[in-house]
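Peer 1: What follows is a single structure, and I will ask about it in a moment.
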Amino acid sequence: MAVENRRLGFDVFPRSGFYIVLLIGGPLVLAVMYAFSDARIGNPGFHYVGLENFRSILQSPSFRAALRNSVVFTVVAQIIVIVCSTMLSIALEKPFQGRKFTRFLILLPWVAPISLGAIGWKWILDSIYSVITWVLIWLHVYKPYGAPMWLGEPKLAMASVILVHCWRLIPFSTVIMLAGLTAIPKDIPEAAAIDGAGFWRILFRINIPMMAPIISVAVLFGTIFTFTDMTVVYILTAGGPFDSTQTLPSLAFATGIQGSDLAAGAAMSLFLIPVLVLIAYFMLRAAHRAEVT
Amino acid sequence: MTRRDWRKLGPGAAKFATLATFVVLLAFPFYWMLIATFKQNIDLYTVENNPFKFNLPPTLDHLKLLFFETRYVRWLGNTALVGVIVVIITLLLAVPAAYSLARLTGRWGQRMGIAIFLTYLIPPTLLFIPLSRVVAVLGLQDTIWSVVLVYPSFTVPFSIWLLMGFFKSIPKELEDAAMVDGLTRFGAFVKLVIPISTSGILTVVIFTFTLVTQEFVYALTFISPESQQMVGVGIPIFLVRGDVYFWGSLMAACLITSVPIALLYNTFLDRFIAGFTVGAVK
């Protein structure tokens, strides 16, 4: 039977494997080839130009801004998301009345299409009719018409992009951590409680340390989702003002598709790979550990 | 209150405060969409008006504009059609692959399973430039068939991964017994394994469909005519005329589209999360 099982695996799998290789592997190879060519949308032939694309994009201030922003957005968003979703998952863990509905409300940002959530934020952060502006004027923080434009000033626009990323990721990390919390053996915190440890002590000494593996899973996925996302930036600010919110994916889109410079766009998107490889390495390590223990 | 009372009250109150704060922060944009949907334009665009209440009577104008004067309904149709076709393609490719990988015991099965999972990590923003050329060469540009071709590249890997878990939980002895009774391997698969795995297959159907409705980057890259749009791109890009935003209709469209997708996704969420956390949680 073992031999037959093995044959089955190798017989059937290739068909779908083929589709995946064709649609993921193929374009991946093509992306690398484009990055070393001078292909443009009007003239997509392969003419090898060596490292020319990389040299020119590394000299471009837009690209350096995008590279820096991608890292800053990802790191800052992850830190905020982890703190918030740890709190939220612990608050949600025990059953209470209305828990299901509460969970649904909390999950909305993740389960609704992000392009639509982002346009909702664009209205909330509108330059004139922003509700935040109205509240701040009402609180006399600003004079009427004296409030800043949230998406119009570099620092505030960057903060807005980070805010929307956090808004979207907190629900996702929270459910992942909830799944992790339910897997923690209950007898350890219970034994600690009997020994007289209070809620907060159990939380910081037992629960949070035991959540470490699941927190790392949430961070790995969160990093990918933020680092490779272009939807939030594209809808909220389109990279502006003055490239202050440009990220690697959004700049690759602006250059490769809108600017029809396939080669430069492809070269830019290749800069995502080191981070993806790193994430894959940590995921494999986590999977391997789970297998051994 | 004594210190002791505070300590007793502490955790419960802290939990309640945390939940209340986050529910307000996370759900607020959707509440805000709801308000904008029914507000008259003069009310929406008067800076001095309190934005939290209806200063003028509510109106259905934005909904009328959305349904009768934009392509919104057409986009919904396009998205539903693409969703159904992609679901079928995904099932055809993922079910047999997941089954064979689940039964492929030993090192190779595991390695291939992990390889499949890792392909899910490759983002659209890495592949959209070369794929835009592939789509153009195949003559699929500006049609919904471009995304029908490309979407399975991310729905299939994750579906295989989810289904593998389901199939592995079915004892192999069951199939062996059926085969001893005269069924072929394929017969045993169709008559035995598929009926047992209906809930897994349903999960994949819902998961694939919601992913299709949520996708943005590929649809934006491959399709430019307004009439061919998917709903996730049509709303944020084409409900804006020049620099004029029709905020009322825009928010109505966001809300009406998001809520059903959210409800559907929410029902099956725990199973997706199980797929994400395999390995870290045992």
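Simple scheme: letters A, B, ... for chains in structure tokens order, numbers from 1 for residues in each chain, numbers from 1 for ligands in the order shown.
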Using only C-alpha atoms, select each residue of chain A with any atom at most 7 Å away from an atom of chain B, and give the selection as a VMD selection string.
Peer 2: chain A and resid 5 to 6 8 to 9 12 to 13 16 20 23 to 24 27 to 28 30 to 31 88 91 104 to 106 108 to 109 111 to 116 119 to 121 129 131 167 176 180 183 199 213 to 214 228 231 249 256 to 257 262 266 269 to 270 280 286 to 287 290
Peer 1: Set the distance at 9 Å and use only C-alpha atoms: which residues neighbour Gly222 (chain A) once local chain neighbours fewer than 2 positions away are removed? I'd like the list as an NGL selection string.
Peer 2: :A and (74 or 77-78 or 81 or 169 or 172-173 or 217-220 or 224-227)
Peer 1: As an exercise, work out the distance from CA of Ser160 (chain A) to CA of Asp243 (chain B) in Å and give it to one decimal place.
Peer 2: 20.7 Å
Peer 1: Taking the DSSP secondary structure from the backbone, can you list the residues of region 23-135 of chain B that are helix (DSSP H, G or I), as an NGL selection string?
Peer 2: :B and (23-37 or 41-44 or 61-69 or 72-103 or 106-119 or 124-135)
Peer 1: May I have all residues of region 31-201 of chain A that DSSP, computed from the backbone, assigns to strand (DSSP E or B), given as a ChimeraX atom specification?
Peer 2: /A:37,40,43,48
Peer 1: Suppose we keep N, CA and C atoms; can you now write the selection as a PDB file, in the first residue's frame?
Peer 2:
```
ATOM      1  N   SER A  37      17.078  43.735 -17.570  1.00  0.00           N
ATOM      2  CA  SER A  37      16.899  44.130 -18.969  1.00  0.00           C
ATOM      3  C   SER A  37      16.469  45.592 -19.033  1.00  0.00           C
ATOM      4  N   ARG A  40      10.398  47.841 -21.574  1.00  0.00           N
ATOM      5  CA  ARG A  40       9.352  48.806 -21.284  1.00  0.00           C
ATOM      6  C   ARG A  40       8.042  48.277 -21.858  1.00  0.00           C
ATOM      7  N   ASN A  43       7.964  48.231 -25.455  1.00  0.00           N
ATOM      8  CA  ASN A  43       9.054  47.508 -26.102  1.00  0.00           C
ATOM      9  C   ASN A  43       9.579  46.432 -25.164  1.00  0.00           C
ATOM     10  N   TYR A  48      19.818  42.453 -22.330  1.00  0.00           N
ATOM     11  CA  TYR A  48      20.522  42.371 -21.047  1.00  0.00           C
ATOM     12  C   TYR A  48      21.317  43.640 -20.774  1.00  0.00           C
TER      13      TYR A  48
END
```
Peer 1: So, counting only C-alpha atoms, which residue among B:Ser159, B:Ser224, B:Phe38, B:Lys191 is closest to Met179 (chain B)?
Peer 2: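 Closest residue, counting only C-alpha atoms: B:Lys191.
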Peer 1: To one decimal in Å, tell me the separation between CA of Ser56 (chain A) and CA of Asp38 (chain A).
Peer 2: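 Distance reported for this atom pair: 11.9 Å.
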Peer 1: Please, what distance in Å, to one decimal, runs between CA of Lys39 (chain B) and CA of Phe54 (chain B)?
Peer 2: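 Spanning CA of Lys39 (chain B) to CA of Phe54 (chain B) is a straight-line distance of 6.7 Å.
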Peer 1: Do a neighbour search on region 149-152 of chain A at 8 Å with only C-alpha atoms, toss out local chain neighbours closer than 6 positions, and write the hits as a PyMOL selection string.
Peer 2: chain A and resi 125-128+160+236-237+240-241
Peer 1: So that I can see what lies close to Ala219 (chain B), please list as an MDAnalysis selection string the residues with an atom at most 7 Å from it, counting only C-alpha atoms and leaving out residues fewer than 4 positions away in the same chain.
Peer 2: chainID B and resid 147 223 230 233
Peer 1: Write to file, as a PDB file, in the first residue's frame, the residues of the selection just made, with N, CA and C atoms.
Peer 2:
```
ATOM      1  N   VAL B 147      -8.058  37.941 -14.496  1.00  0.00           N
ATOM      2  CA  VAL B 147      -8.000  37.591 -13.076  1.00  0.00           C
ATOM      3  C   VAL B 147      -8.464  36.153 -12.834  1.00  0.00           C
ATOM      4  N   ILE B 223      -6.934  45.242 -15.448  1.00  0.00           N
ATOM      5  CA  ILE B 223      -8.209  45.659 -16.032  1.00  0.00           C
ATOM      6  C   ILE B 223      -8.354  47.172 -15.950  1.00  0.00           C
ATOM      7  N   MET B 230     -13.733  44.667 -11.217  1.00  0.00           N
ATOM      8  CA  MET B 230     -14.142  43.924 -10.033  1.00  0.00           C
ATOM      9  C   MET B 230     -14.585  44.965  -9.008  1.00  0.00           C
ATOM     10  N   VAL B 233     -12.015  47.182  -6.950  1.00  0.00           N
ATOM     11  CA  VAL B 233     -11.306  48.249  -7.642  1.00  0.00           C
ATOM     12  C   VAL B 233     -12.298  49.293  -8.138  1.00  0.00           C
TER      13      VAL B 233
END
```
Peer 1: Using only C-alpha atoms, find the one residue out of B:Pro171, B:Gly83, B:Gly77, B:Pro57 that sits nearest to Val193 (chain B).
Peer 2: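 Residue with the minimum atom-to-atom distance to Val193 (chain B): B:Pro171.
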Peer 1: Can you pull out every residue within 8 Å of region 186-192 of chain A, counting only C-alpha atoms, but drop anything in the same chain fewer than 4 positions away, and send it as an MDAnalysis selection string?
Peer 2: chainID A and resid 196:197 202 206:207
Peer 1: Go ahead and dump the residues you just picked, C-alpha atoms, as a PDB file, in the first residue's frame.
Peer 2:
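Heads up, here's the output in again_25.pdb:
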```pdb
ATOM      1  CA  GLY A 196      -1.896  32.709  45.466  1.00  0.00           C
ATOM      2  CA  ALA A 197      -0.672  34.423  42.287  1.00  0.00           C
ATOM      3  CA  ILE A 202      -0.236  35.089  36.128  1.00  0.00           C
ATOM      4  CA  ILE A 206       2.809  32.618  32.768  1.00  0.00           C
ATOM      5  CA  ASN A 207       0.344  33.523  30.012  1.00  0.00           C
TER       6      ASN A 207
END
```
Peer 1: Which of these, A:Thr223, A:Thr255, A:Lys100, A:Ser250, has the shortest distance to Leu276 (chain A) once you count only C-alpha atoms?
Peer 2: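 The shortest atom-to-atom distance to Leu276 (chain A) comes from A:Thr223.
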Peer 1: Counting only C-alpha atoms, figure out which residue out of A:Arg201, A:Leu248, A:Ala267, A:Thr174 gets nearest to Val83 (chain A).
Peer 2: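 Closest candidate: A:Thr174.
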